[in-house]
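See below for model.cif, which holds mmCIF, N, CA and C atoms and all ligand atoms.
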data_entry
loop_
_atom_site.group_PDB
_atom_site.id
_atom_site.type_symbol
_atom_site.label_atom_id
_atom_site.label_comp_id
_atom_site.auth_asym_id
_atom_site.auth_seq_id
_atom_site.Cartn_x
_atom_site.Cartn_y
_atom_site.Cartn_z
ATOM 1 N N MET K 1 114.613 106.864 138.242
ATOM 2 C CA MET K 1 114.274 107.119 136.852
ATOM 3 C C MET K 1 112.762 107.074 136.679
ATOM 4 N N ILE K 2 112.247 108.067 136.025
ATOM 5 C CA ILE K 2 110.811 108.129 135.772
ATOM 6 C C ILE K 2 110.550 107.653 134.355
ATOM 7 N N ARG K 3 109.739 106.611 134.238
ATOM 8 C CA ARG K 3 109.373 106.114 132.907
ATOM 9 C C ARG K 3 108.202 106.927 132.384
ATOM 10 N N GLN K 4 108.393 107.401 131.185
ATOM 11 C CA GLN K 4 107.321 108.164 130.558
ATOM 12 C C GLN K 4 106.443 107.217 129.764
ATOM 13 N N ARG K 5 105.160 107.235 130.008
ATOM 14 C CA ARG K 5 104.250 106.356 129.274
ATOM 15 C C ARG K 5 103.991 106.936 127.899
ATOM 16 N N PRO K 6 104.035 106.082 126.888
ATOM 17 C CA PRO K 6 103.748 106.569 125.537
ATOM 18 C C PRO K 6 102.320 107.115 125.471
ATOM 19 N N PRO K 7 102.116 108.107 124.655
ATOM 20 C CA PRO K 7 100.772 108.674 124.547
ATOM 21 C C PRO K 7 99.800 107.677 123.939
ATOM 22 N N ARG K 8 98.558 107.765 124.379
ATOM 23 C CA ARG K 8 97.525 106.873 123.847
ATOM 24 C C ARG K 8 96.705 107.562 122.777
ATOM 25 N N ASP K 9 96.978 108.825 122.551
ATOM 26 C CA ASP K 9 96.240 109.529 121.511
ATOM 27 C C ASP K 9 96.599 108.954 120.149
ATOM 28 N N CYS K 10 95.626 108.794 119.316
ATOM 29 C CA CYS K 10 95.842 108.206 117.994
ATOM 30 C C CYS K 10 96.366 109.253 117.019
ATOM 31 N N PRO K 11 97.312 108.859 116.122
ATOM 32 C CA PRO K 11 97.700 109.758 115.041
ATOM 33 C C PRO K 11 96.504 109.961 114.095
ATOM 34 N N ALA K 12 96.574 111.018 113.302
ATOM 35 C CA ALA K 12 95.445 111.376 112.429
ATOM 36 C C ALA K 12 95.040 110.237 111.501
ATOM 37 N N TRP K 13 96.005 109.405 111.075
ATOM 38 C CA TRP K 13 95.708 108.350 110.106
ATOM 39 C C TRP K 13 95.152 107.075 110.759
ATOM 40 N N CYS K 14 95.191 106.976 112.088
ATOM 41 C CA CYS K 14 94.730 105.757 112.768
ATOM 42 C C CYS K 14 93.220 105.619 112.603
ATOM 43 N N ALA K 15 92.798 104.394 112.299
ATOM 44 C CA ALA K 15 91.376 104.128 112.103
ATOM 45 C C ALA K 15 90.619 104.107 113.423
ATOM 46 N N GLY K 16 91.335 103.956 114.536
ATOM 47 C CA GLY K 16 90.675 103.921 115.845
ATOM 48 C C GLY K 16 89.779 102.702 115.972
ATOM 49 N N GLY K 17 88.791 102.803 116.850
ATOM 50 C CA GLY K 17 87.825 101.707 117.031
ATOM 51 C C GLY K 17 88.501 100.386 117.324
ATOM 52 N N HIS K 18 87.947 99.319 116.772
ATOM 53 C CA HIS K 18 88.493 97.985 117.034
ATOM 54 C C HIS K 18 89.826 97.740 116.331
ATOM 55 N N LEU K 19 90.195 98.579 115.358
ATOM 56 C CA LEU K 19 91.469 98.385 114.647
ATOM 57 C C LEU K 19 92.657 98.867 115.479
ATOM 58 N N CYS K 20 92.429 99.780 116.402
ATOM 59 C CA CYS K 20 93.500 100.356 117.208
ATOM 60 C C CYS K 20 93.529 99.712 118.585
ATOM 61 N N THR K 21 94.639 99.061 118.904
ATOM 62 C CA THR K 21 94.776 98.468 120.237
ATOM 63 C C THR K 21 95.685 99.307 121.119
ATOM 64 N N ALA K 22 96.293 100.353 120.557
ATOM 65 C CA ALA K 22 97.167 101.234 121.340
ATOM 66 C C ALA K 22 96.360 102.107 122.292
ATOM 67 N N GLN K 23 95.168 102.465 121.891
ATOM 68 C CA GLN K 23 94.366 103.385 122.696
ATOM 69 C C GLN K 23 93.985 102.799 124.046
ATOM 70 N N TYR K 24 94.068 101.473 124.186
ATOM 71 C CA TYR K 24 93.702 100.841 125.449
ATOM 72 C C TYR K 24 94.907 100.610 126.347
ATOM 73 N N GLY K 25 96.115 100.947 125.854
ATOM 74 C CA GLY K 25 97.312 100.832 126.670
ATOM 75 C C GLY K 25 97.896 99.438 126.739
ATOM 76 N N TYR K 26 97.477 98.519 125.890
ATOM 77 C CA TYR K 26 98.065 97.177 125.883
ATOM 78 C C TYR K 26 99.545 97.286 125.542
ATOM 79 N N PRO K 27 100.403 96.479 126.189
ATOM 80 C CA PRO K 27 101.849 96.565 125.896
ATOM 81 C C PRO K 27 102.167 96.377 124.413
ATOM 82 N N GLY K 28 101.481 95.483 123.743
ATOM 83 C CA GLY K 28 101.721 95.245 122.317
ATOM 84 C C GLY K 28 100.758 96.005 121.433
ATOM 85 N N GLY K 29 100.098 97.011 121.986
ATOM 86 C CA GLY K 29 99.085 97.740 121.237
ATOM 87 C C GLY K 29 99.670 98.495 120.053
ATOM 88 N N GLU K 30 98.863 98.633 119.017
ATOM 89 C CA GLU K 30 99.297 99.319 117.793
ATOM 90 C C GLU K 30 98.192 100.221 117.269
ATOM 91 N N HIS K 31 98.617 101.362 116.743
ATOM 92 C CA HIS K 31 97.709 102.184 115.943
ATOM 93 C C HIS K 31 97.712 101.567 114.547
ATOM 94 N N ARG K 32 96.552 101.477 113.932
ATOM 95 C CA ARG K 32 96.450 100.877 112.594
ATOM 96 C C ARG K 32 95.506 101.710 111.726
ATOM 97 N N SER K 33 95.947 101.936 110.494
ATOM 98 C CA SER K 33 95.089 102.659 109.551
ATOM 99 C C SER K 33 94.028 101.713 108.998
ATOM 100 N N HIS K 34 93.040 102.279 108.317
ATOM 101 C CA HIS K 34 92.154 101.432 107.526
ATOM 102 C C HIS K 34 93.019 100.802 106.436
ATOM 103 N N PRO K 35 92.878 99.515 106.162
ATOM 104 C CA PRO K 35 93.667 98.912 105.090
ATOM 105 C C PRO K 35 93.226 99.420 103.724
ATOM 106 N N ILE K 36 94.195 99.565 102.843
ATOM 107 C CA ILE K 36 93.915 99.945 101.460
ATOM 108 C C ILE K 36 94.124 98.707 100.606
ATOM 109 N N THR K 37 93.101 98.305 99.872
ATOM 110 C CA THR K 37 93.164 97.118 99.034
ATOM 111 C C THR K 37 93.315 97.531 97.579
ATOM 112 N N VAL K 38 94.332 96.979 96.926
ATOM 113 C CA VAL K 38 94.589 97.268 95.514
ATOM 114 C C VAL K 38 94.544 95.952 94.751
ATOM 115 N N ARG K 39 93.583 95.834 93.852
ATOM 116 C CA ARG K 39 93.502 94.629 93.010
ATOM 117 C C ARG K 39 94.291 94.899 91.738
ATOM 118 N N THR K 40 95.162 93.964 91.400
ATOM 119 C CA THR K 40 96.029 94.132 90.240
ATOM 120 C C THR K 40 95.806 92.963 89.271
ATOM 121 N N GLY K 41 96.522 92.996 88.167
ATOM 122 C CA GLY K 41 96.429 91.913 87.210
ATOM 123 C C GLY K 41 97.027 90.614 87.714
ATOM 124 N N TYR K 42 97.878 90.697 88.709
ATOM 125 C CA TYR K 42 98.536 89.487 89.239
ATOM 126 C C TYR K 42 97.986 89.041 90.581
ATOM 127 N N GLY K 43 97.126 89.852 91.225
ATOM 128 C CA GLY K 43 96.619 89.479 92.541
ATOM 129 C C GLY K 43 96.125 90.677 93.319
ATOM 130 N N VAL K 44 96.382 90.690 94.633
ATOM 131 C CA VAL K 44 95.845 91.722 95.516
ATOM 132 C C VAL K 44 96.926 92.178 96.496
ATOM 133 N N LEU K 45 96.978 93.497 96.710
ATOM 134 C CA LEU K 45 97.828 94.091 97.745
ATOM 135 C C LEU K 45 96.910 94.703 98.794
ATOM 136 N N VAL K 46 97.196 94.449 100.053
ATOM 137 C CA VAL K 46 96.465 95.092 101.144
ATOM 138 C C VAL K 46 97.507 95.803 102.011
ATOM 139 N N CYS K 47 97.432 97.138 102.057
ATOM 140 C CA CYS K 47 98.432 97.954 102.751
ATOM 141 C C CYS K 47 97.822 98.600 103.989
ATOM 142 N N THR K 48 98.538 98.488 105.106
ATOM 143 C CA THR K 48 98.079 99.069 106.369
ATOM 144 C C THR K 48 99.260 99.752 107.050
ATOM 145 N N ARG K 49 99.053 100.991 107.470
ATOM 146 C CA ARG K 49 100.083 101.688 108.243
ATOM 147 C C ARG K 49 99.907 101.319 109.716
ATOM 148 N N VAL K 50 101.028 101.038 110.375
ATOM 149 C CA VAL K 50 100.999 100.559 111.757
ATOM 150 C C VAL K 50 102.034 101.344 112.561
ATOM 151 N N GLN K 51 101.716 101.626 113.809
ATOM 152 C CA GLN K 51 102.684 102.279 114.704
ATOM 153 C C GLN K 51 102.502 101.715 116.104
ATOM 154 N N ASN K 52 103.612 101.258 116.706
ATOM 155 C CA ASN K 52 103.485 100.727 118.057
ATOM 156 C C ASN K 52 103.452 101.868 119.067
ATOM 157 N N ARG K 53 103.270 101.540 120.314
ATOM 158 C CA ARG K 53 103.107 102.573 121.346
ATOM 159 C C ARG K 53 104.391 103.337 121.585
ATOM 160 N N ALA K 54 105.532 102.771 121.183
ATOM 161 C CA ALA K 54 106.811 103.470 121.336
ATOM 162 C C ALA K 54 107.057 104.438 120.188
ATOM 163 N N GLY K 55 106.163 104.457 119.193
ATOM 164 C CA GLY K 55 106.283 105.380 118.079
ATOM 165 C C GLY K 55 106.934 104.805 116.841
ATOM 166 N N ARG K 56 107.283 103.509 116.857
ATOM 167 C CA ARG K 56 107.899 102.889 115.685
ATOM 168 C C ARG K 56 106.838 102.642 114.617
ATOM 169 N N GLY K 57 107.046 103.240 113.451
ATOM 170 C CA GLY K 57 106.087 103.105 112.371
ATOM 171 C C GLY K 57 106.491 102.043 111.371
ATOM 172 N N ARG K 58 105.516 101.358 110.838
ATOM 173 C CA ARG K 58 105.752 100.325 109.834
ATOM 174 C C ARG K 58 104.640 100.353 108.789
ATOM 175 N N LEU K 59 104.985 99.837 107.624
ATOM 176 C CA LEU K 59 103.985 99.606 106.594
ATOM 177 C C LEU K 59 103.796 98.103 106.497
ATOM 178 N N GLU K 60 102.588 97.644 106.708
ATOM 179 C CA GLU K 60 102.280 96.219 106.599
ATOM 180 C C GLU K 60 101.634 96.002 105.242
ATOM 181 N N ILE K 61 102.216 95.106 104.434
ATOM 182 C CA ILE K 61 101.658 94.810 103.116
ATOM 183 C C ILE K 61 101.387 93.316 103.039
ATOM 184 N N ARG K 62 100.134 92.984 102.783
ATOM 185 C CA ARG K 62 99.768 91.585 102.544
ATOM 186 C C ARG K 62 99.599 91.450 101.040
ATOM 187 N N LEU K 63 100.261 90.472 100.480
ATOM 188 C CA LEU K 63 100.305 90.317 99.030
ATOM 189 C C LEU K 63 99.803 88.935 98.629
ATOM 190 N N GLN K 64 98.864 88.920 97.709
ATOM 191 C CA GLN K 64 98.405 87.658 97.139
ATOM 192 C C GLN K 64 98.744 87.687 95.659
ATOM 193 N N VAL K 65 99.496 86.698 95.226
ATOM 194 C CA VAL K 65 99.928 86.626 93.838
ATOM 195 C C VAL K 65 99.410 85.324 93.233
ATOM 196 N N ASP K 66 98.787 85.426 92.082
ATOM 197 C CA ASP K 66 98.342 84.220 91.384
ATOM 198 C C ASP K 66 99.556 83.454 90.893
ATOM 199 N N LEU K 67 99.617 82.162 91.214
ATOM 200 C CA LEU K 67 100.736 81.319 90.788
ATOM 201 C C LEU K 67 100.269 80.316 89.739
ATOM 202 N N SER K 68 101.231 79.784 89.016
ATOM 203 C CA SER K 68 100.962 78.772 87.997
ATOM 204 C C SER K 68 100.322 77.533 88.623
ATOM 205 N N ARG K 69 99.540 76.824 87.840
ATOM 206 C CA ARG K 69 98.981 75.544 88.309
ATOM 207 C C ARG K 69 100.052 74.456 88.296
ATOM 208 N N ASN K 70 101.091 74.688 87.563
ATOM 209 C CA ASN K 70 102.218 73.749 87.520
ATOM 210 C C ASN K 70 103.047 73.927 88.799
ATOM 211 N N GLU K 71 103.166 72.873 89.593
ATOM 212 C CA GLU K 71 103.794 72.979 90.910
ATOM 213 C C GLU K 71 105.240 73.454 90.830
ATOM 214 N N VAL K 72 105.987 72.938 89.893
ATOM 215 C CA VAL K 72 107.396 73.336 89.767
ATOM 216 C C VAL K 72 107.484 74.818 89.413
ATOM 217 N N ARG K 73 106.674 75.218 88.440
ATOM 218 C CA ARG K 73 106.667 76.634 88.032
ATOM 219 C C ARG K 73 106.157 77.517 89.178
ATOM 220 N N ALA K 74 105.140 77.069 89.900
ATOM 221 C CA ALA K 74 104.600 77.852 91.021
ATOM 222 C C ALA K 74 105.669 78.072 92.093
ATOM 223 N N GLY K 75 106.442 77.040 92.393
ATOM 224 C CA GLY K 75 107.510 77.186 93.385
ATOM 225 C C GLY K 75 108.548 78.198 92.942
ATOM 226 N N ALA K 76 108.914 78.125 91.665
ATOM 227 C CA ALA K 76 109.898 79.073 91.130
ATOM 228 C C ALA K 76 109.344 80.491 91.144
ATOM 229 N N GLN K 77 108.069 80.642 90.787
ATOM 230 C CA GLN K 77 107.444 81.968 90.814
ATOM 231 C C GLN K 77 107.421 82.532 92.234
ATOM 232 N N ALA K 78 107.101 81.692 93.211
ATOM 233 C CA ALA K 78 107.026 82.151 94.607
ATOM 234 C C ALA K 78 108.381 82.677 95.076
ATOM 235 N N VAL K 79 109.437 81.947 94.760
ATOM 236 C CA VAL K 79 110.778 82.387 95.154
ATOM 237 C C VAL K 79 111.141 83.686 94.438
ATOM 238 N N LEU K 80 110.870 83.757 93.145
ATOM 239 C CA LEU K 80 111.211 84.955 92.374
ATOM 240 C C LEU K 80 110.424 86.175 92.861
ATOM 241 N N VAL K 81 109.139 86.001 93.130
ATOM 242 C CA VAL K 81 108.338 87.126 93.630
ATOM 243 C C VAL K 81 108.890 87.604 94.973
ATOM 244 N N ALA K 82 109.195 86.689 95.879
ATOM 245 C CA ALA K 82 109.729 87.086 97.190
ATOM 246 C C ALA K 82 111.051 87.833 97.029
ATOM 247 N N GLU K 83 111.915 87.348 96.150
ATOM 248 C CA GLU K 83 113.203 88.024 95.932
ATOM 249 C C GLU K 83 113.012 89.413 95.340
ATOM 250 N N GLU K 84 112.096 89.523 94.387
ATOM 251 C CA GLU K 84 111.874 90.814 93.736
ATOM 252 C C GLU K 84 111.191 91.811 94.672
ATOM 253 N N VAL K 85 110.293 91.329 95.527
ATOM 254 C CA VAL K 85 109.663 92.215 96.510
ATOM 255 C C VAL K 85 110.731 92.732 97.469
ATOM 256 N N ASP K 86 111.583 91.843 97.937
ATOM 257 C CA ASP K 86 112.670 92.252 98.828
ATOM 258 C C ASP K 86 113.555 93.297 98.150
ATOM 259 N N ALA K 87 113.916 93.060 96.902
ATOM 260 C CA ALA K 87 114.768 94.013 96.175
ATOM 261 C C ALA K 87 114.069 95.361 96.001
ATOM 262 N N ALA K 88 112.775 95.333 95.702
ATOM 263 C CA ALA K 88 112.026 96.586 95.515
ATOM 264 C C ALA K 88 111.956 97.382 96.815
ATOM 265 N N VAL K 89 111.735 96.694 97.922
ATOM 266 C CA VAL K 89 111.662 97.383 99.220
ATOM 267 C C VAL K 89 113.030 97.964 99.563
ATOM 268 N N ARG K 90 114.083 97.202 99.318
ATOM 269 C CA ARG K 90 115.439 97.715 99.609
ATOM 270 C C ARG K 90 115.750 98.942 98.756
ATOM 271 N N ARG K 91 115.349 98.922 97.496
ATOM 272 C CA ARG K 91 115.561 100.105 96.643
ATOM 273 C C ARG K 91 114.785 101.300 97.180
ATOM 274 N N ALA K 92 113.553 101.058 97.570
ATOM 275 C CA ALA K 92 112.710 102.151 98.073
ATOM 276 C C ALA K 92 113.275 102.760 99.340
ATOM 277 N N LEU K 93 113.918 101.939 100.170
ATOM 278 C CA LEU K 93 114.466 102.418 101.440
ATOM 279 C C LEU K 93 115.926 102.836 101.322
ATOM 280 N N GLY K 94 116.515 102.663 100.142
ATOM 281 C CA GLY K 94 117.911 103.041 99.950
ATOM 282 C C GLY K 94 118.892 102.077 100.598
ATOM 283 N N GLN K 95 118.496 100.808 100.748
ATOM 284 C CA GLN K 95 119.372 99.794 101.324
ATOM 285 C C GLN K 95 119.904 98.903 100.209
ATOM 286 N N SER K 96 121.085 98.328 100.428
ATOM 287 C CA SER K 96 121.659 97.500 99.368
ATOM 288 C C SER K 96 121.988 96.078 99.800
ATOM 289 N N THR K 97 122.005 95.784 101.089
ATOM 290 C CA THR K 97 122.386 94.432 101.539
ATOM 291 C C THR K 97 121.286 93.449 101.266
ATOM 292 N N SER K 98 121.677 92.178 101.105
ATOM 293 C CA SER K 98 120.714 91.146 100.808
ATOM 294 C C SER K 98 120.077 90.617 102.097
ATOM 295 N N ALA K 99 118.954 89.925 101.921
ATOM 296 C CA ALA K 99 118.201 89.407 103.059
ATOM 297 C C ALA K 99 118.888 88.208 103.686
ATOM 298 N N THR K 100 118.606 87.974 104.965
ATOM 299 C CA THR K 100 119.053 86.766 105.655
ATOM 300 C C THR K 100 117.815 86.046 106.126
ATOM 301 N N ALA K 101 117.690 84.790 105.756
ATOM 302 C CA ALA K 101 116.510 84.022 106.155
ATOM 303 C C ALA K 101 116.817 83.131 107.337
HETATM 304 ZN ZN ZN K 201 95.128 104.474 117.319
#
In structure tokens, what does this structure look like?
Amino acid sequence: MIRQRPPRDCPAWCAGGHLCTAQYGYPGGEHRSHPITVRTGYGVLVCTRVQNRAGRGRLEIRLQVDLSRNEVRAGAQAVLVAEEVDAAVRRALGQSTSATA
């Protein structure tokens, strides 16, 4: 069996340079776009498109949400935000099953 090596050429959206580790052939290397930062009324979203050397594409989203100074309320907000983000992603992808932690 002949193993075909994944291509090292970057997709058009890859930022290349130090952001791309796929171009060097590392086993865990990834193509990565320039991150897009969106500041909102509740915090910050940082979105980055990622693709591993096998061609699996992902969207990486880092989310910062301002929480209440009240610890009990902050904990409840954190759980609710995580649940709502999960639900929004499932709707966007057309999935209906709930998460398993
Ligand atoms: Zn790349």
Next on the checklist: Just list as a list in words whatever in segment 1-52 of chain K DSSP marks as helix (DSSP H, G or I).
Outcome noted: Gly17, His18, Leu19, Ala22, Gln23 and Tyr24 of chain K
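Evaluating the PyMOL selection byres (((not hetatm)) within 7 of (chain K and resi 201)) against the shown model yields Arg8, Asp9, Cys10, Pro11, Cys14, Ala15, Gly16, Gly17, Leu19, Cys20, Thr21, Ala22, Gln23, Glu30, His31 and Arg32 of chain K.
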Once you have the residues from the selection above, write them out as a CSV table (one decimal), in the frame of the given file, restricted to N, CA and C atoms.
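In the end it all went to result-v3.csv:
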chain,number,residue,atom,x,y,z
K,8,ARG,N,98.6,107.8,124.4
K,8,ARG,CA,97.5,106.9,123.8
K,8,ARG,C,96.7,107.6,122.8
K,9,ASP,N,97.0,108.8,122.6
K,9,ASP,CA,96.2,109.5,121.5
K,9,ASP,C,96.6,109.0,120.1
K,10,CYS,N,95.6,108.8,119.3
K,10,CYS,CA,95.8,108.2,118.0
K,10,CYS,C,96.4,109.3,117.0
K,11,PRO,N,97.3,108.9,116.1
K,11,PRO,CA,97.7,109.8,115.0
K,11,PRO,C,96.5,110.0,114.1
K,14,CYS,N,95.2,107.0,112.1
K,14,CYS,CA,94.7,105.8,112.8
K,14,CYS,C,93.2,105.6,112.6
K,15,ALA,N,92.8,104.4,112.3
K,15,ALA,CA,91.4,104.1,112.1
K,15,ALA,C,90.6,104.1,113.4
K,16,GLY,N,91.3,104.0,114.5
K,16,GLY,CA,90.7,103.9,115.8
K,16,GLY,C,89.8,102.7,116.0
K,17,GLY,N,88.8,102.8,116.8
K,17,GLY,CA,87.8,101.7,117.0
K,17,GLY,C,88.5,100.4,117.3
K,19,LEU,N,90.2,98.6,115.4
K,19,LEU,CA,91.5,98.4,114.6
K,19,LEU,C,92.7,98.9,115.5
K,20,CYS,N,92.4,99.8,116.4
K,20,CYS,CA,93.5,100.4,117.2
K,20,CYS,C,93.5,99.7,118.6
K,21,THR,N,94.6,99.1,118.9
K,21,THR,CA,94.8,98.5,120.2
K,21,THR,C,95.7,99.3,121.1
K,22,ALA,N,96.3,100.4,120.6
K,22,ALA,CA,97.2,101.2,121.3
K,22,ALA,C,96.4,102.1,122.3
K,23,GLN,N,95.2,102.5,121.9
K,23,GLN,CA,94.4,103.4,122.7
K,23,GLN,C,94.0,102.8,124.0
K,30,GLU,N,98.9,98.6,119.0
K,30,GLU,CA,99.3,99.3,117.8
K,30,GLU,C,98.2,100.2,117.3
K,31,HIS,N,98.6,101.4,116.7
K,31,HIS,CA,97.7,102.2,115.9
K,31,HIS,C,97.7,101.6,114.5
K,32,ARG,N,96.6,101.5,113.9
K,32,ARG,CA,96.4,100.9,112.6
K,32,ARG,C,95.5,101.7,111.7
How close does each residue of segment 11-41 of chain K get to segment 60-64 of chain K, giving the shortest atom pair and distance in Å to one decimal for every residue with an atom at most 10 Å away, counting only C-alpha atoms, sorted by chain and residue number, as a Markdown table?
| residue | atom | partner | partner_atom | distance |
| --- | --- | --- | --- | --- |
| K:Arg32 | CA | K:Glu60 | CA | 9.6 |
| K:Pro35 | CA | K:Glu60 | CA | 9.1 |
| K:Ile36 | CA | K:Ile61 | CA | 9.4 |
| K:Thr37 | CA | K:Arg62 | CA | 9.3 |
| K:Val38 | CA | K:Leu63 | CA | 9.7 |
| K:Arg39 | CA | K:Gln64 | CA | 9.5 |
| K:Thr40 | CA | K:Gln64 | CA | 9.8 |
Next on the checklist: Going by DSSP on the backbone, which residues of segment 10-90 of chain K come out as strand (DSSP E or B)? List them as a ChimeraX atom specification.
Outcome noted: /K:30-32,36-39,43-52,57-65
Checklist outcome for this item: Expressed in Å, the length from atom N of Ala88 of chain K to atom CA of Arg73 of chain K is 21.1 Å
Item to check | Exercise: residues within 8 Å of coordinate (97.9, 83.4, 90.3), counting all atoms listed in the file, as a PyMOL selection string | outcome: chain K and resi 41-43+64-69
Next on the checklist: Report, in Å with one decimal, the straight-line distance from atom C of Val46 of chain K to atom N of Ala76 of chain K.
Outcome noted: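 A separation of 23.4 Å between them.
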Checklist entry - Any idea what the distance is between atom CA of Val50 of chain K and atom CA of His34 of chain K? => result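 Between these atoms lies a distance of 9.8 Å.
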